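Student: Below is target33.pdb; it holds PDB, C-alpha atoms.
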ATOM      1  CA  MET A 227       7.126 -17.003 -29.089  1.00  0.00           C
ATOM      2  CA  THR A 228       7.233 -14.303 -26.409  1.00  0.00           C
ATOM      3  CA  ALA A 229       4.123 -12.478 -25.276  1.00  0.00           C
ATOM      4  CA  THR A 230       4.329  -8.709 -25.250  1.00  0.00           C
ATOM      5  CA  THR A 231       2.593  -6.690 -22.589  1.00  0.00           C
ATOM      6  CA  ILE A 232       1.197  -3.412 -23.808  1.00  0.00           C
ATOM      7  CA  LYS A 233       0.790  -0.782 -21.148  1.00  0.00           C
ATOM      8  CA  LYS A 234      -2.090   1.574 -21.731  1.00  0.00           C
ATOM      9  CA  PRO A 235      -2.236   4.802 -19.785  1.00  0.00           C
ATOM     10  CA  ALA A 236      -5.317   5.325 -17.675  1.00  0.00           C
ATOM     11  CA  SER A 237      -7.257   8.538 -17.508  1.00  0.00           C
ATOM     12  CA  VAL A 238      -9.136   9.524 -14.403  1.00  0.00           C
ATOM     13  CA  ARG A 239     -11.439  12.486 -14.011  1.00  0.00           C
ATOM     14  CA  LEU A 240     -11.130  14.177 -10.658  1.00  0.00           C
ATOM     15  CA  PRO A 241     -13.418  16.729  -9.077  1.00  0.00           C
ATOM     16  CA  ALA A 242     -11.864  20.208  -9.203  1.00  0.00           C
ATOM     17  CA  ARG A 243     -11.291  20.276  -5.428  1.00  0.00           C
ATOM     18  CA  LEU A 244      -9.399  16.979  -5.440  1.00  0.00           C
ATOM     19  CA  ASN A 245      -7.417  17.932  -8.539  1.00  0.00           C
ATOM     20  CA  SER A 246      -6.363  21.210  -6.905  1.00  0.00           C
ATOM     21  CA  ALA A 247      -5.319  19.436  -3.714  1.00  0.00           C
ATOM     22  CA  LEU A 248      -3.351  16.866  -5.714  1.00  0.00           C
ATOM     23  CA  LEU A 249      -1.590  19.586  -7.708  1.00  0.00           C
ATOM     24  CA  LYS A 250      -0.791  21.628  -4.585  1.00  0.00           C
ATOM     25  CA  HIS A 251       0.661  18.625  -2.763  1.00  0.00           C
ATOM     26  CA  ALA A 252       2.649  17.535  -5.832  1.00  0.00           C
ATOM     27  CA  LYS A 253       4.184  21.001  -6.067  1.00  0.00           C
ATOM     28  CA  GLN A 254       5.157  20.849  -2.385  1.00  0.00           C
ATOM     29  CA  LEU A 255       6.859  17.508  -3.014  1.00  0.00           C
ATOM     30  CA  LYS A 256       8.388  18.786  -6.289  1.00  0.00           C
ATOM     31  CA  ILE A 257       6.976  15.905  -8.302  1.00  0.00           C
ATOM     32  CA  SER A 258       4.327  15.722 -11.000  1.00  0.00           C
ATOM     33  CA  LYS A 259       0.733  15.223 -10.005  1.00  0.00           C
ATOM     34  CA  GLU A 260       0.788  12.047 -12.137  1.00  0.00           C
ATOM     35  CA  SER A 261       3.660  10.679 -10.035  1.00  0.00           C
ATOM     36  CA  LEU A 262       1.871  11.598  -6.831  1.00  0.00           C
ATOM     37  CA  ALA A 263      -1.368   9.988  -8.031  1.00  0.00           C
ATOM     38  CA  ARG A 264       0.543   6.842  -9.055  1.00  0.00           C
ATOM     39  CA  GLN A 265       2.263   6.647  -5.656  1.00  0.00           C
ATOM     40  CA  ALA A 266      -1.025   7.172  -3.824  1.00  0.00           C
ATOM     41  CA  ILE A 267      -2.755   4.445  -5.839  1.00  0.00           C
ATOM     42  CA  GLU A 268       0.134   2.018  -5.307  1.00  0.00           C
ATOM     43  CA  GLU A 269       0.137   2.680  -1.559  1.00  0.00           C
ATOM     44  CA  PHE A 270      -3.636   2.291  -1.382  1.00  0.00           C
ATOM     45  CA  LEU A 271      -3.538  -1.026  -3.238  1.00  0.00           C
ATOM     46  CA  GLN A 272      -0.717  -2.287  -0.995  1.00  0.00           C
ATOM     47  CA  ALA A 273      -2.678  -1.276   2.106  1.00  0.00           C
ATOM     48  CA  GLU A 274      -5.725  -3.134   0.769  1.00  0.00           C
ATOM     49  CA  ALA A 275      -3.585  -6.228   0.155  1.00  0.00           C
ATOM     50  CA  ASP A 276      -2.191  -5.959   3.690  1.00  0.00           C
ATOM     51  CA  LEU A 277      -5.717  -5.719   5.127  1.00  0.00           C
ATOM     52  CA  ASP A 278      -6.758  -8.771   3.129  1.00  0.00           C
ATOM     53  CA  ALA A 279      -3.789 -10.684   4.568  1.00  0.00           C
ATOM     54  CA  VAL A 280      -4.756  -9.658   8.093  1.00  0.00           C
ATOM     55  CA  LYS A 281      -8.360 -10.752   7.514  1.00  0.00           C
ATOM     56  CA  THR A 282      -7.167 -14.085   6.129  1.00  0.00           C
ATOM     57  CA  ARG A 283      -4.829 -14.727   9.066  1.00  0.00           C
ATOM     58  CA  ARG A 284      -7.022 -13.232  11.804  1.00  0.00           C
ATOM     59  CA  ASN A 285      -8.165 -16.618  13.139  1.00  0.00           C
ATOM     60  CA  GLU A 286      -4.768 -18.312  13.110  1.00  0.00           C
ATOM     61  CA  PRO A 287      -3.611 -19.531  16.496  1.00  0.00           C
ATOM     62  CA  ASN A 288      -1.210 -17.275  18.351  1.00  0.00           C
ATOM     63  CA  ILE A 289       1.062 -17.536  21.346  1.00  0.00           C
ATOM     64  CA  PRO A 290       2.087 -15.046  24.043  1.00  0.00           C
ATOM     65  CA  HIS A 291       5.266 -13.053  23.420  1.00  0.00           C
ATOM     66  CA  ALA A 292       7.178 -14.767  26.231  1.00  0.00           C
ATOM     67  CA  GLN A 293       6.288 -18.195  24.829  1.00  0.00           C
ATOM     68  CA  PHE A 294       7.514 -17.153  21.382  1.00  0.00           C
ATOM     69  CA  TRP A 295      10.975 -16.342  22.746  1.00  0.00           C
ATOM     70  CA  LYS A 296      10.991 -19.472  24.872  1.00  0.00           C
ATOM     71  CA  ASN A 297      10.213 -21.598  21.796  1.00  0.00           C
ATOM     72  CA  LEU A 298      13.221 -20.031  20.088  1.00  0.00           C
ATOM     73  CA  GLY A 299      15.415 -20.798  23.101  1.00  0.00           C
ATOM     74  CA  LEU A 300      15.993 -17.094  23.679  1.00  0.00           C
ATOM     75  CA  GLU A 301      14.189 -16.606  26.927  1.00  0.00           C
ATOM     76  CA  GLY A 302      15.716 -13.991  29.267  1.00  0.00           C
TER      77      GLY A 302
END
Starting from the file, lay out its structure as structure tokens.

Tutor:
Amino acid sequence: MTATTIKKPASVRLPARLNSALLKHAKQLKISKESLARQAIEEFLQAEADLDAVKTRRNEPNIPHAQFWKNLGLEG
């Protein structure tokens, strides 16, 4: 048996000022405001994931740039 994923659209209420700005920018880009909102949300979520990765790896040991290349046998 195969599971089926049902995608439900989400509705978001925006303040008039933000809705107007979204619509204006979407028109400039010649895309729908829904597409622009989707892109913005995707980029925001990716940025959050990137920040989480940085926070997770922040305390990992590191080496100077010159040592990195030396370790690879590619020193100048």

Student: Check what the PyMOL selection byres ((chain A and resi 262-279) around 12) selects in the file above and give those residues as a PyMOL selection string.

Tutor: chain A and resi 235-240+244-245+247-261+280-286

Student: Box time for region 251-259 of chain A: axis-aligned, enclosing all its listed atoms, 4 Å extra on each side; report centre and edge lengths in Å to one decimal, as JSON.

Tutor:
{"center_x": 4.5, "center_y": 18.1, "center_z": -6.7, "size_x": 15.7, "size_y": 13.8, "size_z": 16.6}

Student: Please report the interatomic distance between CA of Gly299 (chain A) and CA of Pro287 (chain A) in Å with one decimal.

Tutor: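 We find that CA of Gly299 (chain A) and CA of Pro287 (chain A) lie 20.2 Å from each other.
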
Student: Missing atoms in region 227-249 of chain A: can you complete it with N, CA and C atoms, as an mmCIF file, keeping the file's coordinate frame?

Tutor:
data_model
loop_
_atom_site.group_PDB
_atom_site.id
_atom_site.type_symbol
_atom_site.label_atom_id
_atom_site.label_comp_id
_atom_site.auth_asym_id
_atom_site.auth_seq_id
_atom_site.Cartn_x
_atom_site.Cartn_y
_atom_site.Cartn_z
ATOM 1 N N MET A 227 7.728 -18.303 -28.910
ATOM 2 C CA MET A 227 7.126 -17.003 -29.089
ATOM 3 C C MET A 227 6.981 -16.332 -27.728
ATOM 4 N N THR A 228 7.305 -15.057 -27.650
ATOM 5 C CA THR A 228 7.233 -14.303 -26.409
ATOM 6 C C THR A 228 6.034 -13.361 -26.439
ATOM 7 N N ALA A 229 5.272 -13.372 -25.361
ATOM 8 C CA ALA A 229 4.123 -12.478 -25.276
ATOM 9 C C ALA A 229 4.608 -11.076 -24.926
ATOM 10 N N THR A 230 3.992 -10.094 -25.518
ATOM 11 C CA THR A 230 4.329 -8.709 -25.250
ATOM 12 C C THR A 230 3.203 -8.072 -24.462
ATOM 13 N N THR A 231 3.575 -7.389 -23.402
ATOM 14 C CA THR A 231 2.593 -6.690 -22.589
ATOM 15 C C THR A 231 2.545 -5.237 -23.039
ATOM 16 N N ILE A 232 1.373 -4.796 -23.390
ATOM 17 C CA ILE A 232 1.197 -3.412 -23.808
ATOM 18 C C ILE A 232 0.594 -2.645 -22.645
ATOM 19 N N LYS A 233 1.282 -1.596 -22.241
ATOM 20 C CA LYS A 233 0.790 -0.782 -21.148
ATOM 21 C C LYS A 233 -0.008 0.377 -21.721
ATOM 22 N N LYS A 234 -1.248 0.478 -21.296
ATOM 23 C CA LYS A 234 -2.090 1.574 -21.731
ATOM 24 C C LYS A 234 -2.243 2.554 -20.582
ATOM 25 N N PRO A 235 -2.047 3.830 -20.859
ATOM 26 C CA PRO A 235 -2.236 4.802 -19.785
ATOM 27 C C PRO A 235 -3.711 4.884 -19.407
ATOM 28 N N ALA A 236 -3.949 5.184 -18.156
ATOM 29 C CA ALA A 236 -5.317 5.325 -17.675
ATOM 30 C C ALA A 236 -5.611 6.808 -17.480
ATOM 31 N N SER A 237 -6.823 7.170 -17.753
ATOM 32 C CA SER A 237 -7.257 8.538 -17.508
ATOM 33 C C SER A 237 -8.311 8.514 -16.419
ATOM 34 N N VAL A 238 -8.185 9.445 -15.505
ATOM 35 C CA VAL A 238 -9.136 9.524 -14.403
ATOM 36 C C VAL A 238 -9.601 10.968 -14.289
ATOM 37 N N ARG A 239 -10.894 11.143 -14.217
ATOM 38 C CA ARG A 239 -11.439 12.486 -14.011
ATOM 39 C C ARG A 239 -11.597 12.718 -12.518
ATOM 40 N N LEU A 240 -11.056 13.839 -12.073
ATOM 41 C CA LEU A 240 -11.130 14.177 -10.658
ATOM 42 C C LEU A 240 -11.989 15.427 -10.477
ATOM 43 N N PRO A 241 -12.716 15.482 -9.385
ATOM 44 C CA PRO A 241 -13.418 16.729 -9.077
ATOM 45 C C PRO A 241 -12.389 17.854 -8.922
ATOM 46 N N ALA A 242 -12.778 19.066 -9.229
ATOM 47 C CA ALA A 242 -11.864 20.208 -9.203
ATOM 48 C C ALA A 242 -11.153 20.336 -7.860
ATOM 49 N N ARG A 243 -11.875 20.154 -6.761
ATOM 50 C CA ARG A 243 -11.291 20.276 -5.428
ATOM 51 C C ARG A 243 -10.171 19.263 -5.211
ATOM 52 N N LEU A 244 -10.404 18.024 -5.611
ATOM 53 C CA LEU A 244 -9.399 16.979 -5.440
ATOM 54 C C LEU A 244 -8.216 17.214 -6.377
ATOM 55 N N ASN A 245 -8.482 17.643 -7.590
ATOM 56 C CA ASN A 245 -7.417 17.932 -8.539
ATOM 57 C C ASN A 245 -6.524 19.059 -8.020
ATOM 58 N N SER A 246 -7.133 20.096 -7.463
ATOM 59 C CA SER A 246 -6.363 21.210 -6.905
ATOM 60 C C SER A 246 -5.501 20.756 -5.732
ATOM 61 N N ALA A 247 -6.072 19.942 -4.865
ATOM 62 C CA ALA A 247 -5.319 19.436 -3.714
ATOM 63 C C ALA A 247 -4.164 18.560 -4.178
ATOM 64 N N LEU A 248 -4.394 17.741 -5.173
ATOM 65 C CA LEU A 248 -3.351 16.866 -5.714
ATOM 66 C C LEU A 248 -2.231 17.709 -6.312
ATOM 67 N N LEU A 249 -2.582 18.718 -7.090
ATOM 68 C CA LEU A 249 -1.590 19.586 -7.708
ATOM 69 C C LEU A 249 -0.794 20.352 -6.659
#
